[in-house]
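Structure below is work32.pdb: PDB, C-alpha atoms, pLDDT in the B column.
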```
ATOM      1  CA  MET A 138     -46.518 147.995 114.796  1.00 46.00           C
ATOM      2  CA  ASP A 139     -47.242 147.356 118.417  1.00 49.00           C
ATOM      3  CA  THR A 140     -46.651 143.685 119.310  1.00 48.00           C
ATOM      4  CA  THR A 141     -49.031 143.817 122.250  1.00 48.00           C
ATOM      5  CA  ASP A 142     -52.002 144.149 119.889  1.00 50.00           C
ATOM      6  CA  MET A 143     -51.111 141.052 117.823  1.00 47.00           C
ATOM      7  CA  LYS A 144     -53.329 138.025 118.145  1.00 48.00           C
ATOM      8  CA  VAL A 145     -51.706 134.725 118.818  1.00 48.00           C
ATOM      9  CA  ASP A 146     -53.234 131.929 116.762  1.00 53.00           C
ATOM     10  CA  GLN A 147     -51.602 129.109 118.665  1.00 54.00           C
ATOM     11  CA  PRO A 148     -51.103 128.925 122.400  1.00 56.00           C
ATOM     12  CA  ALA A 149     -47.522 128.906 123.544  1.00 58.00           C
ATOM     13  CA  LYS A 150     -46.243 125.473 124.466  1.00 67.00           C
ATOM     14  CA  GLU A 151     -45.680 125.011 128.128  1.00 69.00           C
ATOM     15  CA  PRO A 152     -42.179 123.898 129.000  1.00 69.00           C
ATOM     16  CA  VAL A 153     -41.904 120.239 129.835  1.00 71.00           C
ATOM     17  CA  ASP A 154     -40.454 119.504 133.226  1.00 74.00           C
ATOM     18  CA  LEU A 155     -37.820 116.830 132.828  1.00 71.00           C
ATOM     19  CA  PRO A 156     -36.883 114.741 135.837  1.00 79.00           C
ATOM     20  CA  GLU A 157     -33.570 115.494 137.493  1.00 83.00           C
ATOM     21  CA  ASN A 158     -32.581 111.849 137.260  1.00 89.00           C
ATOM     22  CA  ARG A 159     -33.255 111.624 133.508  1.00 90.00           C
ATOM     23  CA  PHE A 160     -29.756 110.314 132.787  1.00 92.00           C
ATOM     24  CA  ALA A 161     -30.175 107.433 135.241  1.00 93.00           C
ATOM     25  CA  LEU A 162     -33.687 106.638 134.014  1.00 93.00           C
ATOM     26  CA  GLU A 163     -32.623 106.522 130.363  1.00 94.00           C
ATOM     27  CA  LEU A 164     -29.522 104.481 131.170  1.00 95.00           C
ATOM     28  CA  GLU A 165     -31.586 101.968 133.115  1.00 95.00           C
ATOM     29  CA  PHE A 166     -34.124 101.673 130.297  1.00 95.00           C
ATOM     30  CA  VAL A 167     -31.488 101.296 127.578  1.00 95.00           C
ATOM     31  CA  GLN A 168     -29.694  98.608 129.569  1.00 95.00           C
ATOM     32  CA  SER A 169     -32.951  96.773 130.183  1.00 95.00           C
ATOM     33  CA  LEU A 170     -33.165  96.310 126.407  1.00 95.00           C
ATOM     34  CA  ALA A 171     -30.345  93.743 126.737  1.00 93.00           C
ATOM     35  CA  SER A 172     -32.846  91.363 128.345  1.00 94.00           C
ATOM     36  CA  PRO A 173     -34.781  89.170 125.883  1.00 94.00           C
ATOM     37  CA  ALA A 174     -37.382  88.619 128.625  1.00 94.00           C
ATOM     38  CA  TYR A 175     -38.005  92.379 128.881  1.00 94.00           C
ATOM     39  CA  LEU A 176     -38.139  92.707 125.093  1.00 94.00           C
ATOM     40  CA  HIS A 177     -40.743  89.925 125.080  1.00 94.00           C
ATOM     41  CA  TYR A 178     -42.715  91.855 127.712  1.00 95.00           C
ATOM     42  CA  LEU A 179     -42.635  94.989 125.539  1.00 93.00           C
ATOM     43  CA  ALA A 180     -43.624  93.007 122.438  1.00 93.00           C
ATOM     44  CA  THR A 181     -46.651  91.469 124.149  1.00 93.00           C
ATOM     45  CA  ASN A 182     -47.955  94.778 125.520  1.00 90.00           C
ATOM     46  CA  THR A 183     -50.236  96.751 123.250  1.00 85.00           C
ATOM     47  CA  THR A 184     -51.240 100.364 122.877  1.00 84.00           C
ATOM     48  CA  SER A 185     -54.828 101.539 123.302  1.00 83.00           C
ATOM     49  CA  GLU A 186     -55.286 100.934 119.556  1.00 84.00           C
ATOM     50  CA  GLY A 187     -54.300  97.271 119.966  1.00 81.00           C
ATOM     51  CA  GLN A 188     -50.909  97.688 118.279  1.00 83.00           C
ATOM     52  CA  SER A 189     -47.769  96.117 119.717  1.00 87.00           C
ATOM     53  CA  LEU A 190     -45.817  98.669 121.716  1.00 88.00           C
ATOM     54  CA  LEU A 191     -42.643  97.853 119.771  1.00 91.00           C
ATOM     55  CA  LEU A 192     -44.380  98.700 116.477  1.00 92.00           C
ATOM     56  CA  CYS A 193     -45.963 101.945 117.702  1.00 91.00           C
ATOM     57  CA  PRO A 194     -44.587 104.981 115.774  1.00 92.00           C
ATOM     58  CA  LYS A 195     -44.308 107.106 118.946  1.00 92.00           C
ATOM     59  CA  PHE A 196     -42.327 104.381 120.707  1.00 93.00           C
ATOM     60  CA  LYS A 197     -40.110 103.961 117.612  1.00 95.00           C
ATOM     61  CA  ARG A 198     -39.337 107.705 117.708  1.00 95.00           C
ATOM     62  CA  PHE A 199     -38.401 107.366 121.365  1.00 95.00           C
ATOM     63  CA  LEU A 200     -36.112 104.432 120.517  1.00 96.00           C
ATOM     64  CA  LYS A 201     -34.484 106.496 117.740  1.00 96.00           C
ATOM     65  CA  TYR A 202     -33.858 109.291 120.235  1.00 95.00           C
ATOM     66  CA  LEU A 203     -32.257 106.793 122.619  1.00 95.00           C
ATOM     67  CA  GLN A 204     -30.137 105.376 119.817  1.00 95.00           C
ATOM     68  CA  SER A 205     -28.907 108.794 118.700  1.00 95.00           C
ATOM     69  CA  THR A 206     -28.008 109.708 122.284  1.00 94.00           C
ATOM     70  CA  TRP A 207     -26.680 106.493 123.799  1.00 94.00           C
ATOM     71  CA  SER A 208     -24.614 105.429 120.775  1.00 93.00           C
ATOM     72  CA  LYS A 209     -22.317 108.406 121.318  1.00 95.00           C
ATOM     73  CA  PRO A 210     -19.072 107.503 123.126  1.00 93.00           C
ATOM     74  CA  GLU A 211     -19.641 110.045 125.899  1.00 94.00           C
ATOM     75  CA  TYR A 212     -22.846 108.191 126.835  1.00 93.00           C
ATOM     76  CA  SER A 213     -22.129 104.610 125.748  1.00 92.00           C
ATOM     77  CA  ARG A 214     -19.193 104.377 128.140  1.00 94.00           C
ATOM     78  CA  PHE A 215     -21.738 104.083 130.972  1.00 95.00           C
ATOM     79  CA  ILE A 216     -23.459 101.052 129.408  1.00 93.00           C
ATOM     80  CA  THR A 217     -22.620  97.765 131.104  1.00 92.00           C
ATOM     81  CA  TYR A 218     -24.506  95.491 128.707  1.00 89.00           C
ATOM     82  CA  PRO A 219     -23.463  96.175 125.086  1.00 86.00           C
ATOM     83  CA  HIS A 220     -26.206  93.858 123.799  1.00 90.00           C
ATOM     84  CA  SER A 221     -28.643  96.609 124.711  1.00 93.00           C
ATOM     85  CA  LEU A 222     -27.354  98.798 121.864  1.00 93.00           C
ATOM     86  CA  TYR A 223     -27.429  95.851 119.473  1.00 93.00           C
ATOM     87  CA  PHE A 224     -31.044  95.078 120.370  1.00 94.00           C
ATOM     88  CA  LEU A 225     -31.901  98.783 120.209  1.00 95.00           C
ATOM     89  CA  ASP A 226     -30.686  98.858 116.596  1.00 95.00           C
ATOM     90  CA  LEU A 227     -32.741  95.752 115.781  1.00 94.00           C
ATOM     91  CA  LEU A 228     -35.876  97.205 117.369  1.00 95.00           C
ATOM     92  CA  ILE A 229     -35.601 100.308 115.207  1.00 95.00           C
ATOM     93  CA  GLN A 230     -34.610  98.694 111.914  1.00 95.00           C
ATOM     94  CA  ASN A 231     -36.376  95.340 111.906  1.00 93.00           C
ATOM     95  CA  ASP A 232     -40.151  95.124 112.404  1.00 93.00           C
ATOM     96  CA  SER A 233     -40.150  91.349 111.910  1.00 94.00           C
ATOM     97  CA  PHE A 234     -37.741  91.067 114.858  1.00 93.00           C
ATOM     98  CA  CYS A 235     -40.234  93.076 116.933  1.00 92.00           C
ATOM     99  CA  ARG A 236     -43.095  90.777 115.920  1.00 92.00           C
ATOM    100  CA  GLU A 237     -41.078  87.601 116.610  1.00 94.00           C
ATOM    101  CA  LEU A 238     -40.236  88.779 120.123  1.00 93.00           C
ATOM    102  CA  ALA A 239     -43.850  88.154 121.107  1.00 92.00           C
ATOM    103  CA  GLN A 240     -43.186  84.409 120.675  1.00 94.00           C
ATOM    104  CA  VAL A 241     -41.820  82.662 123.770  1.00 95.00           C
ATOM    105  CA  SER A 242     -39.704  80.311 121.634  1.00 94.00           C
ATOM    106  CA  PHE A 243     -37.979  83.277 119.945  1.00 92.00           C
ATOM    107  CA  ARG A 244     -37.396  84.947 123.310  1.00 93.00           C
ATOM    108  CA  ASN A 245     -35.753  81.746 124.554  1.00 93.00           C
ATOM    109  CA  PHE A 246     -33.683  81.486 121.370  1.00 93.00           C
ATOM    110  CA  CYS A 247     -32.402  85.071 121.800  1.00 91.00           C
ATOM    111  CA  HIS A 248     -31.568  84.376 125.436  1.00 91.00           C
ATOM    112  CA  GLN A 249     -29.703  81.193 124.515  1.00 92.00           C
ATOM    113  CA  GLN A 250     -27.686  82.927 121.779  1.00 91.00           C
ATOM    114  CA  GLN A 251     -26.873  85.752 124.164  1.00 89.00           C
ATOM    115  CA  TYR A 252     -25.600  83.233 126.712  1.00 89.00           C
ATOM    116  CA  TYR A 253     -23.386  81.570 124.093  1.00 85.00           C
ATOM    117  CA  ALA A 254     -22.004  84.963 123.070  1.00 85.00           C
ATOM    118  CA  TRP A 255     -21.127  85.780 126.697  1.00 83.00           C
ATOM    119  CA  GLN A 256     -19.610  82.334 127.194  1.00 83.00           C
ATOM    120  CA  ASN A 257     -17.459  82.725 124.081  1.00 82.00           C
ATOM    121  CA  ARG A 258     -16.364  86.226 125.070  1.00 75.00           C
ATOM    122  CA  PHE A 259     -15.405  85.034 128.541  1.00 77.00           C
ATOM    123  CA  ALA A 260     -13.391  82.115 127.142  1.00 78.00           C
ATOM    124  CA  THR A 261     -11.673  84.438 124.664  1.00 80.00           C
ATOM    125  CA  LEU A 262     -10.766  86.999 127.312  1.00 75.00           C
ATOM    126  CA  PHE A 263      -9.963  84.770 130.264  1.00 76.00           C
ATOM    127  CA  GLY A 264      -9.391  81.305 128.840  1.00 75.00           C
ATOM    128  CA  THR A 265     -11.257  78.116 129.579  1.00 70.00           C
ATOM    129  CA  GLY A 266     -10.053  77.730 133.147  1.00 65.00           C
ATOM    130  CA  GLU A 267      -7.701  74.851 132.402  1.00 67.00           C
ATOM    131  CA  PRO A 268      -4.136  75.536 133.505  1.00 63.00           C
ATOM    132  CA  LYS A 269      -1.689  75.878 130.655  1.00 63.00           C
ATOM    133  CA  LYS A 270       1.352  73.669 130.818  1.00 63.00           C
ATOM    134  CA  ASP A 271       4.626  75.478 130.928  1.00 59.00           C
ATOM    135  CA  LEU A 272       6.829  74.580 127.972  1.00 56.00           C
ATOM    136  CA  ALA A 273       9.824  73.968 130.267  1.00 58.00           C
ATOM    137  CA  LEU A 274       7.820  71.486 132.352  1.00 59.00           C
ATOM    138  CA  VAL A 275       6.669  69.635 129.244  1.00 56.00           C
ATOM    139  CA  THR A 276      10.293  69.257 128.054  1.00 58.00           C
ATOM    140  CA  GLU A 277      11.442  67.998 131.464  1.00 60.00           C
ATOM    141  CA  ASP A 278       8.581  65.486 131.571  1.00 58.00           C
ATOM    142  CA  ASN A 279       9.529  64.198 128.122  1.00 60.00           C
ATOM    143  CA  ASP A 280      13.213  63.888 129.088  1.00 60.00           C
ATOM    144  CA  GLU A 281      12.340  61.878 132.187  1.00 61.00           C
ATOM    145  CA  ALA A 282       9.979  59.615 130.234  1.00 59.00           C
ATOM    146  CA  ASN A 283      12.620  58.912 127.585  1.00 62.00           C
ATOM    147  CA  ALA A 284      15.497  58.349 130.021  1.00 60.00           C
ATOM    148  CA  PRO A 285      16.825  54.766 130.139  1.00 61.00           C
ATOM    149  CA  VAL A 286      15.748  52.784 133.150  1.00 59.00           C
ATOM    150  CA  GLU A 287      18.638  51.440 135.194  1.00 62.00           C
ATOM    151  CA  ALA A 288      18.338  47.889 136.323  1.00 58.00           C
ATOM    152  CA  THR A 289      18.736  47.432 139.997  1.00 59.00           C
ATOM    153  CA  SER A 290      19.733  44.113 141.455  1.00 58.00           C
ATOM    154  CA  SER A 291      18.078  42.840 144.518  1.00 52.00           C
TER     155      SER A 291
END
```
Could you render the structure from this file as structure tokens?
Amino acid sequence: MDTTDMKVDQPAKEPVDLPENRFALELEFVQSLASPAYLHYLATNTTSEGQSLLLCPKFKRFLKYLQSTWSKPEYSRFITYPHSLYFLDLLIQNDSFCRELAQVSFRNFCHQQQYYAWQNRFATLFGTGEPKKDLALVTEDNDEANAPVEATSS
């Protein structure tokens, strides 16, 4: 059978031109998901059908693609803000989280909790900033404080 005589029922899909800087664009977008203010912006924007962008099935598929790609160690090592992956998981798995993000009070709550998490991590890694007393100095101070005072005559 000659293949040149066959009718094609469906037109061939044209190849999609992907930008050369796709890696940088995706990285920037994934990292922007660490910002509760940006998540609030996405939650308050709607599609042409009036549906929240975060609840749109097409956008959810895009988020799943990002999750499957950027959760891999060879990609996640470039992420500066690990909260972005945490929020990405929540956006995919929890529709009530997506709806709550439209509320300013919830956005502020997320931002506050994120700040406390960073503050705790910093204190755990680097300490509280107060100098630690050396054990030898503490013992010398105690010896001097407990030493008998000699009476001096004037």
Give me the residues of stretch 208-267 of chain A that have any atom at most 10 Å from an atom of stretch 178-193 of chain A; for each, the nearest atom pair and the distance in Å, rounded to one decimal. Use all atoms listed in the file, sort by chain and number, and format it as JSON lines.
```
{"residue": "A:Leu228", "atom": "CA", "partner": "A:Leu191", "partner_atom": "CA", "distance": 7.2}
{"residue": "A:Ile229", "atom": "CA", "partner": "A:Leu191", "partner_atom": "CA", "distance": 8.7}
{"residue": "A:Asn231", "atom": "CA", "partner": "A:Leu192", "partner_atom": "CA", "distance": 9.8}
{"residue": "A:Asp232", "atom": "CA", "partner": "A:Leu192", "partner_atom": "CA", "distance": 6.9}
{"residue": "A:Ser233", "atom": "CA", "partner": "A:Leu192", "partner_atom": "CA", "distance": 9.6}
{"residue": "A:Phe234", "atom": "CA", "partner": "A:Leu191", "partner_atom": "CA", "distance": 9.7}
{"residue": "A:Cys235", "atom": "CA", "partner": "A:Leu191", "partner_atom": "CA", "distance": 6.1}
{"residue": "A:Arg236", "atom": "CA", "partner": "A:Ala180", "partner_atom": "CA", "distance": 6.9}
{"residue": "A:Glu237", "atom": "CA", "partner": "A:Ala180", "partner_atom": "CA", "distance": 8.3}
{"residue": "A:Leu238", "atom": "CA", "partner": "A:Ala180", "partner_atom": "CA", "distance": 5.9}
{"residue": "A:Ala239", "atom": "CA", "partner": "A:Ala180", "partner_atom": "CA", "distance": 5.0}
{"residue": "A:Gln240", "atom": "CA", "partner": "A:Thr181", "partner_atom": "CA", "distance": 8.6}
{"residue": "A:Arg244", "atom": "CA", "partner": "A:Tyr178", "partner_atom": "CA", "distance": 9.8}
```
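Atom pair atom CA of A:Asn158 / atom CA of A:Gln230: separated by 28.6 Å.
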Provide an axis-aligned box for all listed atoms of stretch 167-183 of chain A, padding each side by 5 Å; report its centre and its edge lengths in Å to one decimal, as JSON.
```
{"center_x": -40.0, "center_y": 95.0, "center_z": 126.3, "size_x": 30.5, "size_y": 22.7, "size_z": 17.7}
```
Could you write out as a VMD selection string the residues that the PyMOL selection byres ((chain A and resi 164-169) around 12) matches in the shown file? chain A and resid 158 to 163 170 to 179 199 to 208 212 to 226 228
Mind pulling up the distance from atom CA of A:Glu211 to atom CA of A:Trp255?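 Interatomic distance here is 24.3 Å.
We find atom CA of A:Thr265 and atom CA of A:Tyr253 to be spaced 13.8 Å apart.
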